Amino acid sequence: MKEYTGDKIRNVAIVGHGGAGTTSLTEALLYRSGAISRMCKVEDGQTTTDFEPEEIKRGVSVSATLAPVEWNDVKINFLDTPGFADFVAEVKGAFRAVDSVLIVVSATSGVQIGTEQCWNLAEEAGLPRLIFVNKMDRENADFDQIMDNLRTKIGKRVLPLHLPLGKEENFCGVIDVFNQKAYRGNGNGADEIEVPDELKDWVADAHSKMVEAAVEADDEVMEKYLEGEEIPDNVIMNCLVKGIRQGIIFPVLCGSAYKNIGLGRCLNAIVNYTFPSVLNDFEVENPTTGKTEVRDSNAPMAALVFKTTADPFVGRLSFVRVFSGAISADSAVYNASREEMEKVGPVFTLRGKTQIPMKQIVAGDIGVISRLQFTATGDTLSDKNNPVLFKPIEFPLPMYSRAIYPKKKGDEEKIAGALTKLMDEDPTFIVTRNNVTKETLISGMGDQHLEIIMERMTRKFGVEAELRAPIVEYKETIRGTAEVEGKYKKQTGGHGQYGHVVVRLEPLPPGGGFEFVDKIFGGAVPRQYIPAVEKGMREAVEHGVLAGYPVVDIRITLLDGSYHTVDSSEMAFKVAANQAFQKGCAEAKPVLMEPYYNLDVYCDERVTGDVISDLNSKRGRIMGMQTAEDGRSCIKAQVPYAEILDYAVDLRALTQGTGTFEMKFDHYEDVPPKMAEKIIEEAKEKEGK
């Protein structure tokens with residue numbers, strides 16, 4: 001691949017709902033451009049951009065994959081992205097590296113949930129969009145119906161620039177609306193033909209609407225058009241390009257990745273209509289002044305790391321988009337995010353998993369750097385003398401957690417090391433440790449996400465583990481007061497053991513924790529043994545009398561006791577304290593408590609009733625509802641944690657993948673008696689094993 005300057009580079013993310021054919025289209029575009037010599041099918045497991053074993057096994061993309069092609073003396077960096085909600089982080093990262101988005105819509109399914117999500121993310125990122133209606137050769141493919149569907153679901157600004165030639169199994173080419181010519185497919189190309197007579201009115205109408213939409217992008221041209229002046233084709237094209245790049249017009253293309261039809265026209269549209277990478281100015285923060293600055297491609301070097309992968313053999317691969325300057329092989333760059341210098345070895349691009357060497361990554365281009373020591377996803381690489389910071393990539397918070405256990409004893413360290421490396425390459429994957437339940441928890445976007453993580457861990461790092469539902473962090477407390485004694489007396493050969501205490505147990509308000517009060521008078525318990533009593537109590541509250549969960553919100557007052565001048569010891573008083581605690585808890589109306597979380601659920605208004613009904617079934621309390629910044633409904637609720645261990649999966653099913661939620665611990669409440677009985681019984685069975 002030859003070297004290109006920024007004005008000859010296009011960066012395009014290919015996105016769509018799962019099953020719309022993003023990977024098939026990417027493969028077909030690679031083939032049509034001559035980047036690959038053979039076009040493979042997803043079901044064969046040999047496509048260029050779905051090369052990970054997990055992708056081949058499942059037949060779906062799980063990561064954003066780079067695939068550069070050359071067309072009409074322009075380099076197009078395609079990023080083929082996953083279509084399933086669990087892997088939205090890959091889409092968000094890709095959107096920070098590209099200048100345009102190609103949204104793939106199935107001609108048989110139309111606009112789906114994933115289509116709308118990708119559209120909204122692109123809108124949020126301010127990216128121009130092209131729409132490619134794929135699978136025009138399929139049964140029930142109806143272009144007019146799809147256009148109506150697009151206008152209803154996405155907006156009125158969609159504009160067909162290609163029309164289908166033929167229908168369903170007879171689909172054989174596309175009609176270019178701008179020049180009103182038809183192109184019949186002939187294998188890996190197309191023959192220009194006249195538009196069939198029966199389609200000429202349809203094409204003329206589409207052309208007229210295209211001209212009307214295009215002139216709206218330029219006030220001066222629109223004024224001439226309204227005055228009846230004839231507008232030259234080159235001016236209309238300039239207006240069209242301006243409208244597309246400004247996000248005023250969203251062009252609709254069509255074709256069939258499977259039959260290799262419409263792909264050359266699609267590549268032409270990308271080259272002609274989308275932004276050359278270096279035309280976009282960009283915003284950065286100057287860390288010296290703390291102010292936001294607008295720069296262009298001629299500024300000192302600035303690049304954003306938008307994706308990281310970890311490989312046990314190759315090491316860490318950092319995918320970078322260079323916005324200004326250049327990164328040369330065997331140079332040094334400054335990581336402004338971490339204030340560290342990094343040594344750059346060879347630089348290259350990737351087509352799927354195939355490395356293509358590069359001398360440098362110029363402004364506007366995307367490339368890969370291996371084995372950067374400190375750099376992670378979202379970091380800014382810049383010139384040491386002119387440091388800048390890009391705004392961090394905003395990734396969604398993980399919504400689904402599971403406890404991870406090694407399958408083989410002694411693999412704990414291997415698993416910890418593997419999880420750390422996997423966190424490096426996936427910002428929506430988080431590992432935490434619950435010090436109370438002693439579990440390691442892994443959190444991601446959903447069950448499929450964590451399954452993929454586990455498969456990668458086994459494949460890349462040779463270690464196996466299993467996932468379980470997290471242990472709910474129940475706690476115990478008392479609701480009454482009790483005054484009891486604990487006496488430990490043991491006579492053996494030589495010195496015996498003797499410790500005796502009288503204590504009062506009483507509840508504290510929620511959040512009170514543990515209090516120990518010494519009210520000994522007259523030396524009934526010598527001063528040197530009182531710390532042992534307190535220590536015994538602190539150890540005892542770690543295991544309650546009901547189900548062995550920690551006891552909280554309790555005050556224990558040492559009232560009285562006795563000792564033996566020879567047989568008393570710290571150990572004896574610790575044991576006596578423990579006995580008193582067990583007896584006192586049993587008499588002071590012990591209860592089991594469960595954690596409640598504040599839950600903010602974001603969903604479309606049409607499903608709020610279903611979501612509220614589901615939360616009620618989970619013993620949740622609806623605290624209110626409001627409109628979120630993105631226009632969705634936000635349902636606020638308090639729900640027991642035990643009921644929402646699988647909420648990411650439940651909510652996806654309820655909302656067809658559009659719902660999201662955030663949760664935060666709020667307080668503890670008593671477990672209902674019948675449920676408490678079951679939990680206590682299970683705890684005793686577990687202890688008895």
# chains A, B, ... in the order shown; residues from 1 in each chain; ligands from 1
>>> residues_around(residues="segment 502-518 of chain A", least_positions_apart="4", cutoff="6 Å", atoms="only C-alpha atoms", output="CSV table (one decimal) with all heavy atoms, in the first residue's frame")
chain,number,residue,atom,x,y,z
A,478,ILE,N,-29.7,-6.5,65.3
A,478,ILE,CA,-30.7,-6.9,66.4
A,478,ILE,C,-31.7,-5.7,66.5
A,478,ILE,O,-31.5,-4.6,66.2
A,478,ILE,CB,-30.0,-7.1,67.7
A,478,ILE,CG1,-29.2,-5.9,68.1
A,478,ILE,CG2,-29.2,-8.3,67.7
A,478,ILE,CD1,-28.7,-5.9,69.6
A,479,ARG,N,-33.0,-6.1,66.8
A,479,ARG,CA,-34.0,-5.1,67.0
A,479,ARG,C,-34.4,-4.9,68.5
A,479,ARG,O,-35.2,-4.0,68.8
A,479,ARG,CB,-35.3,-5.5,66.2
A,479,ARG,CG,-35.0,-5.6,64.7
A,479,ARG,CD,-34.9,-4.2,64.1
A,479,ARG,NE,-34.6,-4.2,62.7
A,479,ARG,CZ,-33.7,-3.5,62.1
A,479,ARG,NH1,-32.8,-2.8,62.8
A,479,ARG,NH2,-33.5,-3.6,60.8
A,481,THR,N,-33.1,-5.5,72.9
A,481,THR,CA,-32.0,-5.4,73.9
A,481,THR,C,-31.9,-6.6,74.7
A,481,THR,O,-32.9,-7.2,75.1
A,481,THR,CB,-32.2,-4.1,74.8
A,481,THR,OG1,-32.3,-3.0,73.9
A,481,THR,CG2,-31.0,-3.9,75.7
A,482,ALA,N,-30.6,-7.0,75.1
A,482,ALA,CA,-30.5,-8.2,75.9
A,482,ALA,C,-29.3,-8.0,76.8
A,482,ALA,O,-28.3,-7.4,76.4
A,482,ALA,CB,-30.3,-9.4,75.1
A,483,GLU,N,-29.4,-8.5,78.0
A,483,GLU,CA,-28.3,-8.4,79.0
A,483,GLU,C,-27.9,-9.9,79.3
A,483,GLU,O,-28.8,-10.6,79.9
A,483,GLU,CB,-28.7,-7.6,80.2
A,483,GLU,CG,-27.5,-7.2,81.1
A,483,GLU,CD,-27.9,-6.2,82.2
A,483,GLU,OE1,-28.4,-5.1,81.8
A,483,GLU,OE2,-27.7,-6.5,83.3
A,484,VAL,N,-26.7,-10.3,79.0
A,484,VAL,CA,-26.3,-11.7,79.2
A,484,VAL,C,-24.9,-11.8,79.8
A,484,VAL,O,-24.2,-10.8,79.8
A,484,VAL,CB,-26.4,-12.4,77.8
A,484,VAL,CG1,-27.8,-12.5,77.3
A,484,VAL,CG2,-25.4,-11.8,76.8
A,485,GLU,N,-24.6,-13.0,80.2
A,485,GLU,CA,-23.2,-13.2,80.6
A,485,GLU,C,-22.6,-14.3,79.8
A,485,GLU,O,-23.2,-15.2,79.2
A,485,GLU,CB,-23.2,-13.6,82.1
A,485,GLU,CG,-23.7,-15.0,82.5
A,485,GLU,CD,-23.4,-15.4,83.9
A,485,GLU,OE1,-22.7,-14.6,84.6
A,485,GLU,OE2,-23.9,-16.4,84.3
A,552,VAL,N,-24.2,-5.7,62.2
A,552,VAL,CA,-24.0,-4.3,62.1
A,552,VAL,C,-25.0,-3.5,63.0
A,552,VAL,O,-26.0,-4.1,63.5
A,552,VAL,CB,-24.0,-3.7,60.7
A,552,VAL,CG1,-22.9,-4.3,59.8
A,552,VAL,CG2,-25.4,-4.0,60.1
A,553,ASP,N,-24.7,-2.2,63.2
A,553,ASP,CA,-25.6,-1.3,63.9
A,553,ASP,C,-25.9,-1.9,65.3
A,553,ASP,O,-27.1,-2.1,65.7
A,553,ASP,CB,-26.9,-1.1,63.1
A,553,ASP,CG,-26.7,-0.6,61.7
A,553,ASP,OD1,-25.6,0.0,61.5
A,553,ASP,OD2,-27.5,-0.8,60.9
A,554,ILE,N,-24.8,-2.2,66.1
A,554,ILE,CA,-25.0,-2.8,67.4
A,554,ILE,C,-24.0,-2.1,68.4
A,554,ILE,O,-22.9,-1.8,68.0
A,554,ILE,CB,-24.7,-4.3,67.3
A,554,ILE,CG1,-25.1,-5.0,68.6
A,554,ILE,CG2,-23.3,-4.6,66.9
A,554,ILE,CD1,-25.0,-6.5,68.6
A,555,ARG,N,-24.5,-1.9,69.6
A,555,ARG,CA,-23.7,-1.4,70.7
A,555,ARG,C,-23.6,-2.5,71.7
A,555,ARG,O,-24.6,-3.1,72.2
A,555,ARG,CB,-24.3,-0.1,71.3
A,555,ARG,CG,-23.4,0.4,72.5
A,555,ARG,CD,-24.1,1.5,73.3
A,555,ARG,NE,-24.2,2.7,72.5
A,555,ARG,CZ,-25.3,3.4,72.2
A,555,ARG,NH1,-26.4,3.0,72.7
A,555,ARG,NH2,-25.2,4.5,71.5
A,556,ILE,N,-22.3,-2.8,72.1
A,556,ILE,CA,-22.1,-3.8,73.2
A,556,ILE,C,-21.4,-3.1,74.3
A,556,ILE,O,-20.3,-2.5,74.2
A,556,ILE,CB,-21.3,-5.0,72.6
A,556,ILE,CG1,-22.0,-5.6,71.5
A,556,ILE,CG2,-21.0,-6.0,73.7
A,556,ILE,CD1,-21.2,-6.7,70.8
A,557,THR,N,-22.1,-3.2,75.5
A,557,THR,CA,-21.6,-2.5,76.7
A,557,THR,C,-21.1,-3.6,77.7
A,557,THR,O,-21.9,-4.5,78.1
A,557,THR,CB,-22.6,-1.6,77.3
A,557,THR,OG1,-23.1,-0.7,76.4
A,557,THR,CG2,-22.1,-0.9,78.5
A,558,LEU,N,-19.8,-3.5,78.1
A,558,LEU,CA,-19.3,-4.4,79.1
A,558,LEU,C,-19.7,-3.8,80.5
A,558,LEU,O,-19.2,-2.7,80.9
A,558,LEU,CB,-17.8,-4.5,79.0
A,558,LEU,CG,-17.0,-5.3,80.0
A,558,LEU,CD1,-17.5,-6.8,80.0
A,558,LEU,CD2,-15.5,-5.3,79.7
A,559,LEU,N,-20.5,-4.6,81.2
A,559,LEU,CA,-21.1,-4.1,82.5
A,559,LEU,C,-20.4,-4.6,83.7
A,559,LEU,O,-20.1,-3.9,84.7
A,559,LEU,CB,-22.6,-4.5,82.6
A,559,LEU,CG,-23.5,-3.9,81.5
A,559,LEU,CD1,-24.9,-4.6,81.6
A,559,LEU,CD2,-23.6,-2.4,81.6
A,560,ASP,N,-20.0,-5.9,83.6
A,560,ASP,CA,-19.5,-6.6,84.8
A,560,ASP,C,-18.7,-7.8,84.4
A,560,ASP,O,-18.7,-8.2,83.2
A,560,ASP,CB,-20.7,-6.9,85.8
A,560,ASP,CG,-20.2,-7.2,87.2
A,560,ASP,OD1,-19.0,-7.0,87.5
A,560,ASP,OD2,-21.1,-7.4,88.1
A,561,GLY,N,-18.2,-8.5,85.4
A,561,GLY,CA,-17.5,-9.8,85.1
A,561,GLY,C,-16.7,-10.2,86.3
A,561,GLY,O,-16.8,-9.6,87.4
>>> select_by_dssp(residues="segment 53-249 of chain A", states="strand (DSSP E or B)", output="PyMOL selection string")
chain A and resi 65-71+74-80+100-106+110+129-134+158-160+162-165+173-176+181-185+190-193
>>> closest_residue(among="A:Val601, A:Ala94, A:Leu161, A:Leu127", to="Gln626 of chain A", atoms="only C-alpha atoms")
A:Val601
>>> closest_atom_pairs(of="segment 285-370 of chain A", to="segment 8-25 of chain A", cutoff="9 Å", atoms="only C-alpha atoms", output="tab-separated table")
residue	atom	partner	partner_atom	distance
A:Gly364	CA	A:Ile9	CA	6.7
A:Asp365	CA	A:Ile9	CA	6.7
A:Ile366	CA	A:Asn11	CA	7.9
>>> atom_distance(atom1="atom CA of Gly247 of chain A", atom2="atom CA of Ile103 of chain A")
13.8 Å
>>> atom_distance(atom1="atom CA of Leu350 of chain A", atom2="atom CA of Gly262 of chain A")
25.4 Å
>>> residues_around(residues="Gly410 of chain A", least_positions_apart="5", cutoff="12 Å", atoms="only C-alpha atoms", output="list in words")
Tyr405, Ile415, Ala416, Val463, Glu464 and Ala465 of chain A
